[in-house]
Amino acid sequence: MRRSEMLSRMLVIAGVLIVLLVPLAVRFYDGQGIVEIHGRMAETGGWSPSAIKAQVGVPLHLRLTSDDVMHGFAIGQSEMAAVDVPPGKMTELTLTFDKPGTYTYYCTRWCGLNHWRMRGTIEVTSDGLGAPQPVSPPLYVTLNLDIDAPHPAPVTPLERPSALRGAAFTALLPPSYLTTDYYRSYSPAQAFNDLRSDPALKSLNNAQLWDIVAFIWQSNTTPEGLAAGKQLFAQNCAACHGENGAGNGVFADKLAAAGEKSSEDMTGAKGMQMKKPVNFTDPANMLGASPALLLGKTIRGGMGTGMPMWGSIFTDEKTWNIIAYLYSFHFTEVTK
Amino acid sequence: MSRKQWFLIIFAGLAGAVIAFAPLPVRVTPPAQRTLRVEANQFAYSPAVLAVNPGDTVTIELVSTDVVHGLYVDGYGVSVTADPGQTTRLTFTADRSGSFRFRCNVTCGALHTFMIGKIQVGSNILLWRALGLTILASLVAIILFPRPAKAQAA
């Protein structure tokens, strides 16, 4: 064989090899360390994968896409802004965790009745120090509240209490009623009864006492907190509980219908089934609930009733803001 | 072409101009504020046909009952999206009359592209004019070009 022919043959072979090897190498190196997550409606599988692992301090690269409708992605218990995950697009996201633990990621755009079931976990580990921090039990546990028991309000106001009118009686009010602990541990109806039996407030009539209750509730929140609670309610609660809290959201009828169809539990009881969402505008129900009780219901969820468990999603601050907003269906706020 | 045919063509041209451009005695309704609630689910709007008068200020309240949907009005180029539980409002002035499609502009599943509705602003005069012109043109064609004699067998 001539030398020039040899050279040209080798050139051709080298060219073929490059064409084959370069895409392979790119594919191999490009996919390193990137987790691709597909979102589907919970009925058809939710997130896949739904459990991923990460290291403290090591950036986690995510590539998110949806296989059906618009979804969203956020990490629970964090201030991370939610990103939208539309179908047909790749949403790239890089997360870095500075504490070990199990993080929940969840869908942030309503994608059907079972939207809230669309969750997954990120197991974040660290080498050596930095064990998971112990968490203190939530208030409803320390108060030993039964959060599934009915909580009718023994007394309800005849007219809508006003915090503004209540503020006029601050001079008479013992300061112990204005503490955060008091507000969180007692329902408005209990607070009313406490005030009624308080000798310092003997001269006031019932409507005035309800105004003071409204003032106590008002003084434990801020306009910013209420606004944040209102927004969280609209995004996370209104689809079932209704935009005005009346329990008539767009999914309310579907939940009730699903409840009739859902089967009995293992003991044959019908108690644990999908239910119509609670009406927050009903004073007989809401004014008998303390913030601690509502906190328990919110963070633990409804255990089969269709109410999601929000404990792994909302920070305590967010939950308290939502709860403060729920009471604003009954009390007129102080307007400045 | 015979004189008669020329006469017909001129007559048809005049009639066509009348059909296309003659001002119709349209009832003019004073513009009003209109709020229309539209529920969106996979894969339809309810109601799917909206009717308003020209000049109305239209507010469409979009309520989604399952997943995130949108509403885009063709011809007006305005759009809005709604999550379940978060009703959104789209306000625009219906200053162009005719019939316009509105469609979902957030991918909402397999049949997303078929999620279409219609907003009718006034009566659809353009449609009637087009219909009239078509009938006129076909009449003229039938008269002008009579059926050719049967082709001779080869």
# chains A, B, ... in the order shown; residues from 1 in each chain; ligands from 1
>>> closest_atom_pairs(of="chain B", to="chain A", cutoff="6 Å", atoms="only C-alpha atoms", output="tab-separated table")
residue	atom	partner	partner_atom	distance
B:Thr65	CA	A:Val250	CA	5.3
B:Asp66	CA	A:Gly112	CA	4.6
B:Val67	CA	A:Cys111	CA	4.3
B:Pro84	CA	A:Ala239	CA	5.3
B:Gly85	CA	A:Ala239	CA	3.6
B:Thr107	CA	A:Val69	CA	5.8
B:Cys108	CA	A:Val69	CA	4.5
B:Gly109	CA	A:Asp68	CA	5.0
>>> select_by_dssp(residues="range 19-161 of chain A", states="alpha helix (DSSP H)", output="VMD selection string")
chain A and resid 19 to 30 139 to 142
>>> residues_around(residues="range 72-76 of chain B", least_positions_apart="6", cutoff="6 Å", atoms="only C-alpha atoms", output="PDB file with N, CA and C atoms, in the first residue's frame")
ATOM      1  N   PHE B 100     -65.051  36.397  17.592  1.00  0.00           N
ATOM      2  CA  PHE B 100     -63.656  36.106  17.880  1.00  0.00           C
ATOM      3  C   PHE B 100     -63.550  34.824  18.698  1.00  0.00           C
ATOM      4  N   ARG B 101     -62.541  34.054  18.409  1.00  0.00           N
ATOM      5  CA  ARG B 101     -62.298  32.847  19.192  1.00  0.00           C
ATOM      6  C   ARG B 101     -61.553  33.229  20.460  1.00  0.00           C
ATOM      7  N   PHE B 102     -61.852  32.543  21.551  1.00  0.00           N
ATOM      8  CA  PHE B 102     -60.902  32.598  22.664  1.00  0.00           C
ATOM      9  C   PHE B 102     -60.457  31.183  22.962  1.00  0.00           C
ATOM     10  N   ARG B 103     -59.229  31.063  23.391  1.00  0.00           N
ATOM     11  CA  ARG B 103     -58.667  29.728  23.576  1.00  0.00           C
ATOM     12  C   ARG B 103     -57.797  29.696  24.814  1.00  0.00           C
TER      13      ARG B 103
END
>>> select_by_dssp(residues="range 43-274 of chain A", states="strand (DSSP E or B)", output="number ranges by chain")
A: 47-48, 51-55, 60-66, 69, 71-75, 83-85, 87, 91-95, 101-106, 111, 119-125, 162
>>> write_last_selection(atoms="C-alpha atoms", output="mmCIF file, in the first residue's frame")
data_model
loop_
_atom_site.group_PDB
_atom_site.id
_atom_site.type_symbol
_atom_site.label_atom_id
_atom_site.label_comp_id
_atom_site.auth_asym_id
_atom_site.auth_seq_id
_atom_site.Cartn_x
_atom_site.Cartn_y
_atom_site.Cartn_z
ATOM 1 C CA TRP A 47 -43.190 13.401 40.663
ATOM 2 C CA SER A 48 -40.793 10.894 39.282
ATOM 3 C CA ALA A 51 -37.062 10.681 46.355
ATOM 4 C CA ILE A 52 -33.656 12.125 45.660
ATOM 5 C CA LYS A 53 -30.458 12.413 47.628
ATOM 6 C CA ALA A 54 -28.153 15.351 48.084
ATOM 7 C CA GLN A 55 -25.152 16.429 50.127
ATOM 8 C CA LEU A 60 -27.986 19.966 43.428
ATOM 9 C CA HIS A 61 -28.823 20.564 39.785
ATOM 10 C CA LEU A 62 -32.407 19.856 38.869
ATOM 11 C CA ARG A 63 -34.043 19.785 35.490
ATOM 12 C CA LEU A 64 -37.802 19.899 35.825
ATOM 13 C CA THR A 65 -40.499 19.295 33.303
ATOM 14 C CA SER A 66 -44.155 18.386 33.228
ATOM 15 C CA VAL A 69 -50.414 20.206 32.823
ATOM 16 C CA HIS A 71 -47.126 22.287 37.717
ATOM 17 C CA GLY A 72 -44.911 24.226 40.081
ATOM 18 C CA PHE A 73 -41.946 23.318 42.238
ATOM 19 C CA ALA A 74 -40.869 24.535 45.649
ATOM 20 C CA ILE A 75 -39.147 23.213 48.746
ATOM 21 C CA VAL A 83 -40.834 27.990 40.001
ATOM 22 C CA ASP A 84 -43.365 27.050 37.361
ATOM 23 C CA VAL A 85 -42.986 23.706 35.627
ATOM 24 C CA PRO A 87 -45.174 20.958 29.983
ATOM 25 C CA THR A 91 -36.962 24.396 34.040
ATOM 26 C CA GLU A 92 -33.448 24.340 35.406
ATOM 27 C CA LEU A 93 -32.848 24.902 39.055
ATOM 28 C CA THR A 94 -29.832 24.662 41.329
ATOM 29 C CA LEU A 95 -30.328 24.138 45.039
ATOM 30 C CA GLY A 101 -32.395 16.578 56.941
ATOM 31 C CA THR A 102 -35.343 15.450 54.869
ATOM 32 C CA TYR A 103 -36.816 18.178 52.716
ATOM 33 C CA THR A 104 -40.168 17.989 50.980
ATOM 34 C CA TYR A 105 -40.669 19.317 47.509
ATOM 35 C CA TYR A 106 -44.184 19.901 46.353
ATOM 36 C CA CYS A 111 -53.342 20.445 39.184
ATOM 37 C CA ARG A 119 -44.851 15.639 46.776
ATOM 38 C CA GLY A 120 -41.388 14.195 46.977
ATOM 39 C CA THR A 121 -38.461 14.196 49.358
ATOM 40 C CA ILE A 122 -34.840 15.205 49.204
ATOM 41 C CA GLU A 123 -32.652 13.392 51.697
ATOM 42 C CA VAL A 124 -29.799 15.729 52.516
ATOM 43 C CA THR A 125 -26.879 14.125 54.314
ATOM 44 C CA SER A 162 -64.762 45.175 65.856
#
>>> atom_distance(atom1="CA of Thr170 in chain A", atom2="CA of Ile216 in chain A")
9.5 Å
>>> residues_around(residues="Arg129 in chain B", least_positions_apart="2", cutoff="6 Å", atoms="only C-alpha atoms", output="list in words")
Ile19, Ala20, Leu126, Leu127, Leu131 and Gly132 of chain B
>>> write_last_selection(atoms="N, CA and C atoms", output="short mmCIF file (atom, residue, chain, number, x, y, z; two decimals), in the first residue's frame")
data_model
loop_
_atom_site.label_atom_id
_atom_site.label_comp_id
_atom_site.auth_asym_id
_atom_site.auth_seq_id
_atom_site.Cartn_x
_atom_site.Cartn_y
_atom_site.Cartn_z
N ILE B 19 -73.88 44.95 -1.46
CA ILE B 19 -73.84 43.91 -0.41
C ILE B 19 -72.63 44.13 0.51
N ALA B 20 -71.50 44.48 -0.11
CA ALA B 20 -70.26 44.55 0.67
C ALA B 20 -70.19 45.81 1.53
N LEU B 126 -69.93 40.76 8.95
CA LEU B 126 -68.95 40.33 7.95
C LEU B 126 -69.35 38.97 7.37
N LEU B 127 -69.85 38.10 8.25
CA LEU B 127 -70.26 36.77 7.80
C LEU B 127 -71.42 36.87 6.81
N LEU B 131 -71.54 35.90 2.92
CA LEU B 131 -72.51 34.93 2.43
C LEU B 131 -73.26 35.49 1.21
N GLY B 132 -73.68 36.77 1.33
CA GLY B 132 -74.39 37.41 0.23
C GLY B 132 -73.54 37.47 -1.03
#
>>> atom_distance(atom1="CA of Ile125 in chain B", atom2="CA of Pro23 in chain B")
10.2 Å
>>> residues_around(residues="Ala12 in chain B", least_positions_apart="6", cutoff="10 Å", atoms="only C-alpha atoms", output="list in words")
Trp6, Val18, Leu133, Leu136, Ala137, Leu139 and Val140 of chain B
>>> residues_around(residues="Asn279 in chain A", least_positions_apart="6", cutoff="7 Å", atoms="only C-alpha atoms", output="mmCIF file with N, CA, C and O atoms, in the first residue's frame")
data_model
loop_
_atom_site.group_PDB
_atom_site.id
_atom_site.type_symbol
_atom_site.label_atom_id
_atom_site.label_comp_id
_atom_site.auth_asym_id
_atom_site.auth_seq_id
_atom_site.Cartn_x
_atom_site.Cartn_y
_atom_site.Cartn_z
ATOM 1 N N HIS A 241 -61.624 25.396 50.184
ATOM 2 C CA HIS A 241 -62.379 26.117 51.211
ATOM 3 C C HIS A 241 -63.079 27.353 50.662
ATOM 4 O O HIS A 241 -63.825 27.999 51.393
ATOM 5 N N GLY A 245 -63.736 31.724 52.007
ATOM 6 C CA GLY A 245 -63.682 30.892 53.204
ATOM 7 C C GLY A 245 -64.941 30.133 53.534
ATOM 8 O O GLY A 245 -65.021 29.474 54.568
ATOM 9 N N ALA A 246 -65.951 30.191 52.665
ATOM 10 C CA ALA A 246 -67.249 29.607 53.000
ATOM 11 C C ALA A 246 -67.317 28.094 52.748
ATOM 12 O O ALA A 246 -68.392 27.501 52.842
ATOM 13 N N GLY A 247 -66.203 27.477 52.429
ATOM 14 C CA GLY A 247 -66.209 26.028 52.227
ATOM 15 C C GLY A 247 -66.797 25.618 50.896
ATOM 16 O O GLY A 247 -67.190 24.471 50.712
#
>>> closest_residue(among="A:Ala191, A:Ala171, A:Met274, A:Leu143", to="Met303 in chain A", atoms="only C-alpha atoms")
A:Met274
>>> residues_around(residues="Ala168 in chain A", least_positions_apart="4", cutoff="10 Å", atoms="only C-alpha atoms", output="ChimeraX atom specification")
/A:163-164,172-173,208,211-212,215
